[in-house]
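**Student:** Quick one, target_1.cif (mmCIF, C-alpha atoms):
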```cif
data_protein
#
loop_
_atom_site.label_atom_id
_atom_site.label_comp_id
_atom_site.auth_asym_id
_atom_site.auth_seq_id
_atom_site.Cartn_x
_atom_site.Cartn_y
_atom_site.Cartn_z
CA MET A 13 152.00 22.83 188.01
CA ASN A 14 149.69 20.87 185.70
CA ILE A 15 149.37 21.99 182.09
CA VAL A 16 147.76 21.09 178.81
CA LEU A 17 150.45 21.30 176.13
CA VAL A 18 149.76 22.22 172.53
CA TYR A 19 152.72 21.27 170.39
CA ASN A 20 153.63 21.27 166.72
CA PRO A 21 155.67 18.22 165.69
CA ARG A 22 156.36 19.85 162.32
CA SER A 23 157.95 22.99 163.74
CA GLY A 24 161.51 23.64 162.57
CA THR A 25 162.99 22.99 166.03
CA ALA A 26 160.39 20.54 167.34
CA LEU A 27 161.31 18.16 170.16
CA PRO A 28 159.63 14.74 170.52
CA LEU A 29 156.73 14.73 172.96
CA GLU A 30 158.56 12.44 175.40
CA ALA A 31 161.50 14.85 175.49
CA LEU A 32 159.08 17.68 176.28
CA ARG A 33 157.54 15.63 179.08
CA GLU A 34 161.00 15.02 180.56
CA LYS A 35 161.93 18.71 180.41
CA CYS A 36 158.68 19.72 182.05
CA SER A 37 159.00 17.05 184.72
CA ALA A 38 162.47 18.35 185.62
CA HIS A 39 160.78 21.64 186.60
CA ASP A 40 157.86 20.02 188.50
CA ILE A 41 155.47 20.57 185.58
CA THR A 42 153.13 17.76 184.60
CA ILE A 43 151.68 17.54 181.10
CA GLU A 44 148.17 16.24 181.80
CA HIS A 45 147.14 16.30 178.17
CA ALA A 46 149.03 16.89 174.92
CA VAL A 47 147.28 18.33 171.86
CA ASP A 48 148.90 17.99 168.43
CA ILE A 49 148.11 21.24 166.57
CA THR A 50 148.32 19.41 163.24
CA ASP A 51 145.66 16.85 164.20
CA GLY A 52 142.10 17.92 164.97
CA PHE A 53 142.91 21.28 166.50
CA PRO A 54 141.04 23.27 167.86
CA ALA A 55 138.31 20.71 168.59
CA ASN A 56 140.72 18.68 170.73
CA LEU A 57 141.62 21.77 172.77
CA THR A 58 138.08 22.97 173.50
CA PRO A 59 137.36 20.52 176.38
CA HIS A 60 140.39 21.88 178.26
CA ILE A 61 139.40 25.55 178.12
CA ALA A 62 138.24 26.29 181.65
CA PRO A 63 138.76 29.12 184.17
CA GLY A 64 142.21 28.92 185.76
CA ALA A 65 143.50 26.20 183.44
CA HIS A 66 147.11 26.47 182.29
CA ILE A 67 147.40 25.82 178.57
CA ALA A 68 150.92 25.94 177.19
CA ALA A 69 152.01 26.02 173.57
CA ILE A 70 155.41 25.33 172.09
CA GLY A 71 156.20 26.05 168.47
CA GLY A 72 156.61 28.99 166.15
CA ASP A 73 154.62 32.20 166.11
CA GLY A 74 151.96 30.58 163.94
CA THR A 75 151.37 27.88 166.54
CA LEU A 76 151.17 30.39 169.39
CA SER A 77 148.82 32.59 167.39
CA SER A 78 146.47 29.68 166.65
CA VAL A 79 146.27 28.85 170.35
CA ALA A 80 145.74 32.50 171.29
CA GLN A 81 142.80 32.57 168.86
CA GLN A 82 141.09 30.03 171.12
CA LEU A 83 142.21 31.44 174.49
CA HIS A 84 141.85 35.21 174.20
CA ASP A 85 139.04 36.74 176.23
CA THR A 86 138.80 33.65 178.45
CA GLU A 87 139.95 32.97 182.01
CA VAL A 88 142.58 30.49 180.82
CA ILE A 89 146.25 31.21 181.58
CA PHE A 90 148.27 30.89 178.38
CA VAL A 91 151.88 29.69 178.72
CA PRO A 92 153.78 30.55 175.51
CA LEU A 93 157.07 28.68 175.12
CA PRO A 94 159.83 29.25 172.55
CA GLY A 95 159.95 26.43 170.02
CA GLY A 96 160.02 27.93 166.54
CA THR A 97 162.60 29.49 164.28
CA LEU A 98 162.05 33.18 165.05
CA ASN A 99 159.85 33.30 168.18
CA HIS A 100 158.91 36.98 167.81
CA PHE A 101 156.15 36.90 170.41
CA THR A 102 158.08 35.18 173.19
CA LYS A 103 161.05 37.50 172.58
CA ASP A 104 158.92 40.63 172.77
CA ALA A 105 157.16 39.24 175.86
CA GLY A 106 160.53 38.95 177.61
CA ILE A 107 160.41 35.14 177.81
CA SER A 108 163.76 33.33 177.77
CA GLN A 109 164.58 31.71 174.44
CA ASP A 110 166.14 28.77 176.26
CA LEU A 111 163.34 26.28 176.87
CA ASP A 112 164.71 25.02 180.19
CA GLU A 113 165.08 28.58 181.49
CA ALA A 114 161.59 29.47 180.29
CA LEU A 115 160.16 26.47 182.15
CA ALA A 116 162.16 27.23 185.29
CA THR A 117 160.69 30.74 185.56
CA LEU A 118 157.09 29.50 185.61
CA ALA A 119 157.22 28.48 189.26
CA HIS A 120 157.59 32.08 190.41
CA ALA A 121 156.05 33.96 187.47
CA THR A 122 152.89 36.03 187.86
CA PRO A 123 150.11 35.97 185.23
CA ARG A 124 149.85 39.20 183.23
CA HIS A 125 147.51 40.62 180.64
CA VAL A 126 148.74 41.50 177.15
CA ASP A 127 147.11 42.91 174.03
CA VAL A 128 146.19 40.99 170.91
CA GLY A 129 145.35 42.33 167.47
CA SER A 130 142.26 41.45 165.49
CA ALA A 131 141.73 41.52 161.72
CA ASN A 132 138.02 41.03 160.98
CA GLY A 133 137.90 38.90 164.11
CA ARG A 134 141.02 36.86 163.31
CA ILE A 135 143.45 37.16 166.23
CA PHE A 136 147.14 37.92 165.71
CA LEU A 137 149.86 38.22 168.32
CA ASN A 138 152.46 39.96 166.18
CA ASN A 139 151.35 41.56 162.95
CA SER A 140 149.21 41.51 159.85
CA SER A 141 149.89 42.93 156.42
CA LEU A 142 148.65 43.16 152.87
CA GLY A 143 150.53 43.46 149.62
CA ILE A 144 154.10 42.28 149.22
CA TYR A 145 154.35 40.02 152.27
CA PRO A 146 151.21 37.86 151.77
CA THR A 147 152.22 37.49 148.11
CA SER A 148 155.68 36.28 149.13
CA LEU A 149 154.16 33.79 151.59
CA ARG A 150 152.06 32.21 148.86
CA THR A 151 155.09 31.91 146.59
CA ARG A 152 157.16 30.45 149.43
CA GLU A 153 154.57 27.72 150.01
CA VAL A 154 154.86 26.70 146.35
CA LEU A 155 158.67 26.66 146.35
CA GLN A 156 159.36 25.23 149.80
CA GLY A 157 158.94 21.58 148.84
CA ARG A 158 161.72 21.85 146.25
CA LEU A 159 164.08 24.42 147.74
CA GLY A 160 163.66 24.30 151.52
CA LYS A 161 162.38 26.98 153.87
CA TRP A 162 164.98 29.74 153.80
CA PRO A 163 165.96 29.66 150.09
CA SER A 164 162.25 29.69 149.27
CA ALA A 165 161.65 32.63 151.60
CA VAL A 166 164.43 34.71 150.05
CA LEU A 167 163.38 33.92 146.48
CA ALA A 168 159.72 34.58 147.29
CA VAL A 169 160.48 38.04 148.69
CA LEU A 170 162.59 38.92 145.65
CA GLN A 171 159.81 37.85 143.29
CA ALA A 172 157.24 39.81 145.28
CA LEU A 173 159.38 42.95 145.10
CA ILE A 174 159.87 42.59 141.34
CA LYS A 175 156.25 41.71 140.49
CA PHE A 176 154.38 43.49 143.26
CA LYS A 177 150.67 44.29 143.00
CA LEU A 178 149.21 47.68 143.80
CA TYR A 179 146.16 48.20 145.98
CA THR A 180 143.99 51.30 146.02
CA VAL A 181 143.10 51.78 149.66
CA THR A 182 141.46 54.35 151.88
CA MET A 183 142.97 54.61 155.33
CA GLU A 184 142.17 57.30 157.85
CA GLY A 185 140.33 59.35 155.21
CA GLU A 186 143.20 59.28 152.69
CA THR A 187 143.04 57.30 149.43
CA PHE A 188 146.28 56.16 147.85
CA ARG A 189 147.87 53.31 145.88
CA THR A 190 150.25 51.08 147.78
CA PRO A 191 152.17 47.81 147.45
CA PHE A 192 152.38 47.31 151.20
CA ILE A 193 150.63 47.99 154.51
CA PHE A 194 151.84 46.61 157.84
CA ILE A 195 149.73 46.53 161.01
CA GLY A 196 151.40 45.61 164.28
CA ASN A 197 149.97 44.60 167.62
CA ASN A 198 151.61 47.46 169.59
CA ASP A 199 154.46 49.52 168.17
CA TYR A 200 157.23 47.91 166.15
CA HIS A 201 160.06 50.35 166.69
CA ILE A 202 161.65 50.77 163.28
CA GLY A 203 164.79 52.31 164.73
CA ASN A 204 165.14 49.42 167.17
CA GLY A 205 165.34 46.49 164.77
CA GLY A 206 161.57 46.20 164.58
CA GLN A 207 161.18 44.88 168.12
CA ARG A 208 158.40 45.87 170.49
CA THR A 209 159.08 47.30 173.91
CA SER A 210 155.48 46.93 175.05
CA LEU A 211 152.60 44.52 174.56
CA THR A 212 150.21 46.57 176.67
CA SER A 213 149.85 49.99 175.00
CA GLY A 214 146.33 49.24 173.78
CA LYS A 215 147.22 50.45 170.28
CA LEU A 216 148.02 49.17 166.84
CA CYS A 217 150.80 50.59 164.71
CA ALA A 218 150.27 50.89 160.96
CA TYR A 219 152.97 51.52 158.37
CA ALA A 220 152.13 52.05 154.71
CA ILE A 221 153.97 52.99 151.53
CA ARG A 222 152.13 55.81 149.77
CA SER A 223 153.51 55.38 146.25
CA PRO A 224 152.97 53.08 143.25
CA ARG A 225 156.58 53.43 142.02
CA ARG A 226 159.19 50.71 142.36
CA SER A 227 161.84 53.40 142.77
CA THR A 228 160.13 54.42 146.02
CA LEU A 229 160.80 50.96 147.44
CA VAL A 230 164.49 51.40 146.68
CA THR A 231 164.51 54.85 148.30
CA LEU A 232 162.75 53.57 151.40
CA PHE A 233 165.23 50.71 151.64
CA PHE A 234 168.04 53.23 152.06
CA TYR A 235 165.99 55.23 154.56
CA ALA A 236 165.59 51.98 156.52
CA LEU A 237 169.33 51.31 156.43
CA PHE A 238 169.92 54.60 158.19
CA ARG A 239 166.87 54.09 160.48
CA ARG A 240 165.12 57.17 159.12
CA LEU A 241 162.01 55.61 157.58
CA ARG A 242 159.70 57.88 159.57
CA ASP A 243 161.30 60.87 157.81
CA ALA A 244 160.26 59.69 154.32
CA ASP A 245 157.27 61.52 152.80
CA GLU A 246 156.04 58.32 151.13
CA PHE A 247 156.01 56.41 154.41
CA ILE A 248 152.81 56.68 156.48
CA VAL A 249 152.84 56.00 160.22
CA HIS A 250 149.59 55.69 162.15
CA SER A 251 148.83 54.59 165.71
CA ASP A 252 145.39 54.01 167.20
CA SER A 253 143.29 51.38 168.96
CA SER A 254 141.41 50.61 165.73
CA LEU A 255 141.88 51.05 162.00
CA THR A 256 139.70 50.56 158.92
CA ILE A 257 141.23 49.87 155.51
CA ALA A 258 138.83 50.07 152.57
CA THR A 259 139.73 48.75 149.12
CA LYS A 260 138.08 48.48 145.72
CA ARG A 261 138.08 44.71 146.12
CA SER A 262 135.38 42.78 147.95
CA ARG A 263 137.90 40.27 149.33
CA ILE A 264 141.62 40.63 149.86
CA SER A 265 144.58 38.47 150.90
CA VAL A 266 146.22 39.45 154.16
CA SER A 267 148.77 37.79 156.40
CA ALA A 268 148.28 37.26 160.12
CA ASP A 269 151.32 35.96 162.02
CA GLY A 270 152.62 34.29 158.86
CA GLU A 271 149.32 32.73 157.74
CA VAL A 272 147.65 33.98 154.56
CA LEU A 273 143.91 34.65 154.87
CA ARG A 274 141.21 35.81 152.49
CA LEU A 275 139.11 38.42 154.28
CA ASP A 276 136.14 40.55 153.32
CA ALA A 277 136.76 44.24 152.75
CA PRO A 278 136.78 46.68 154.38
CA LEU A 279 139.38 45.34 156.79
CA GLU A 280 138.53 46.14 160.38
CA TYR A 281 141.57 46.08 162.64
CA LYS A 282 141.35 46.39 166.42
CA CYS A 283 143.68 46.19 169.37
CA LEU A 284 142.00 44.07 172.04
CA ALA A 285 143.67 45.52 175.10
CA GLY A 286 144.61 43.06 177.85
CA LYS A 287 142.48 40.27 176.38
CA LEU A 288 145.10 37.52 176.71
CA THR A 289 146.47 36.31 180.04
CA ILE A 290 149.96 34.85 179.82
CA LEU A 291 152.43 33.31 182.23
CA GLY A 292 156.14 33.56 181.59
#
```
What is this file in structure tokens?
**Tutor:**
Amino acid sequence: MNIVLVYNPRSGTALPLEALREKCSAHDITIEHAVDITDGFPANLTPHIAPGAHIAAIGGDGTLSSVAQQLHDTEVIFVPLPGGTLNHFTKDAGISQDLDEALATLAHATPRHVDVGSANGRIFLNNSSLGIYPTSLRTREVLQGRLGKWPSAVLAVLQALIKFKLYTVTMEGETFRTPFIFIGNNDYHIGNGGQRTSLTSGKLCAYAIRSPRRSTLVTLFFYALFRRLRDADEFIVHSDSSLTIATKRSRISVSADGEVLRLDAPLEYKCLAGKLTILG
């Protein structure tokens, strides 16, 4: 098998390119071209997007999402490989988290179609949110140079919970104030550790907190501990193929697979059913 490999040398568990070539070669896979996602991407990838081409990506969810942005709704076969810290997408897609095992399965794997989410046209593989999480991501970026990734992440979340902003939104005809809305590509099963059992339902899942009070966050935390979040009156659950979120702001910060974006309101979310072909 010949592939074009998109890799992220700055990923937390990144392997040198030569090591990746050796691993691929051991499974009869040839890297014809290698594209560094931190250097001139996506312009360097565009010439390789052709019907039937196999374009692989190794890195975290952000890397895979960036590649999917270019490959969705094309005839390219996307080969997502585990290479980040969390690897939510490859886990939910049933791809082995051992790189050698993931490569070994490609020889007998069959291409399949999976859903992607879209936020005002920006593709996401996993989820998007507004409120507490995008705020924590911005804080983490500021702190990470001094404290490292994980201490910064923990401190950023704590700060976001203490100093959270409220957003007045209208969703599915209901207007309420909220510190947090989560939109998943397919259903994140709250009672199952937040993992997805399907990437092909053709629907988004939306979870929102319908309360401006900090005490509600504490209450919902305990509901979550006992896996009963769906029973809480202040917790909204919605599932559909599309979703519109209107706000009083003309632009709003949202996250998409860990990247913070500034998007125009209203936010138009869609599930693009079967629009990404993957192998693995």
**Student:** Pick the closest to Tyr179 (chain A) from A:Ser223, A:Thr122, A:Asn138, A:Thr212: which is it, counting all atoms listed in the file?
**Tutor:**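 Checking each of A:Ser223, A:Thr122, A:Asn138, A:Thr212 against Tyr179 (chain A), counting all atoms listed in the file, the winner is A:Ser223.
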**Student:** Which one is closest to Thr259 (chain A): A:Asn198, A:Ser210, A:Thr180, A:Thr86? Count all atoms listed in the file.
**Tutor:**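 For Thr259 (chain A), the nearest of the given residues is A:Thr180.
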**Student:** Tell me which residues the PyMOL selection byres ((chain A and resi 192) around 7) grabs here, as a list of chain:residue names.
**Tutor:**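 Selected by the PyMOL selection byres ((chain A and resi 192) around 7) here: A:Leu142, A:Gly143, A:Ile144, A:Thr190, A:Pro191, A:Ile193, A:Phe194, A:Ala220, A:Ile221.
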**Student:** So which residues get picked by the PyMOL selection byres ((chain A and resi 280) around 7) here, written as a PyMOL selection string?
**Tutor:** chain A and resi 131-132+255-257+278-279+281-282
**Student:** Could you state which residues are captured by the PyMOL selection byres ((chain A and resi 69-73) around 9) in this file, as a ChimeraX atom specification?
**Tutor:** /A:16-26,67-68,74-79,90-102,137-138,269-270
**Student:** Between CA of Val181 (chain A) and CA of Asp127 (chain A), what is the distance, to one decimal in Å?
**Tutor:** 26.2 Å
**Student:** Any idea what the distance is between CA of Asn14 (chain A) and CA of His84 (chain A)?
**Tutor:**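 Interatomic distance, CA of Asn14 (chain A) to CA of His84 (chain A): 20.0 Å.
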**Student:** With all atoms listed in the file as the atoms that count, which of A:His201, A:Arg274, A:Arg208, A:Lys35 lies nearest to Ala116 (chain A)?
**Tutor:**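 Of A:His201, A:Arg274, A:Arg208, A:Lys35, the one nearest Ala116 (chain A) is A:Lys35, counting all atoms listed in the file.
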**Student:** Go ahead and find all residues with at least one atom no further than 8 Å from (149.4, 14.4, 171.3) in the file's coordinates, using only C-alpha atoms; report them as a compact mmCIF listing (two decimals) with C-alpha atoms, in the coordinates of the input.
**Tutor:**
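Output (part11.txt):
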```txt
# COMPACT_ATOMS: atom_id res chain seq x y z
CA VAL A 18 149.76 22.22 172.53
CA TYR A 19 152.72 21.27 170.39
CA LEU A 29 156.73 14.73 172.96
CA HIS A 45 147.14 16.30 178.17
CA ALA A 46 149.03 16.89 174.92
CA VAL A 47 147.28 18.33 171.86
CA ASP A 48 148.90 17.99 168.43
```
**Student:** Do you know which residues are at most 9 Å from Ser251 (chain A) counting all atoms listed in the file, after dropping those on the same chain fewer than 6 positions away, and could you put them as a list in words?
**Tutor:**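 Answer for this query is Asn198, Asp199, Lys215, Leu216, Cys217, Ala218 and Tyr219 of chain A.
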**Student:** What lies within 9 Å of Gly214 (chain A) using only C-alpha atoms, ignoring chain neighbours under 3 positions off, as a PDB file with C-alpha atoms, in the coordinates of the input?
**Tutor:**
```pdb
ATOM      1  CA  VAL A 126     148.740  41.500 177.150  1.00  0.00           C
ATOM      2  CA  ASP A 127     147.110  42.910 174.030  1.00  0.00           C
ATOM      3  CA  VAL A 128     146.190  40.990 170.910  1.00  0.00           C
ATOM      4  CA  ASN A 197     149.970  44.600 167.620  1.00  0.00           C
ATOM      5  CA  ASN A 198     151.610  47.460 169.590  1.00  0.00           C
ATOM      6  CA  LEU A 211     152.600  44.520 174.560  1.00  0.00           C
ATOM      7  CA  ASP A 252     145.390  54.010 167.200  1.00  0.00           C
ATOM      8  CA  SER A 253     143.290  51.380 168.960  1.00  0.00           C
ATOM      9  CA  CYS A 283     143.680  46.190 169.370  1.00  0.00           C
ATOM     10  CA  LEU A 284     142.000  44.070 172.040  1.00  0.00           C
ATOM     11  CA  ALA A 285     143.670  45.520 175.100  1.00  0.00           C
ATOM     12  CA  GLY A 286     144.610  43.060 177.850  1.00  0.00           C
TER      13      GLY A 286
END
```
**Student:** As an exercise, work out the distance from CA of Cys36 (chain A) to CA of Thr117 (chain A) in Å and give it to one decimal place.
**Tutor:**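 Pair CA of Cys36 (chain A) / CA of Thr117 (chain A) returns 11.7 Å.
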**Student:** Please provide the set of residues having any atom within 9 Å of Ser265 (chain A), restricted to all atoms listed in the file, with same-chain residues fewer than 2 positions apart removed, written as an NGL selection string.
**Tutor:** :A and (141-143 or 146-147 or 263 or 267 or 272-275)
**Student:** Around the point (140.9, 30.7, 174.4) in the file's coordinates, collect all residues with an atom within 12 Å, using only C-alpha atoms, and return them as an NGL selection string.
**Tutor:** :A and (54-55 or 57-68 or 76-91 or 135 or 287-290)
**Student:** Out of A:Gly52, A:Gly185, A:Gly292, A:Gly129, which residue has the shortest atom-to-atom distance to Ala258 (chain A) when counting all atoms listed in the file?
**Tutor:**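 For Ala258 (chain A), the nearest of the candidates is A:Gly185.
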**Student:** Between A:Gly196, A:Gln207, A:Leu115, A:Pro224, which one has atoms that come closest to Val249 (chain A), using all atoms listed in the file?
**Tutor:** A:Gly196
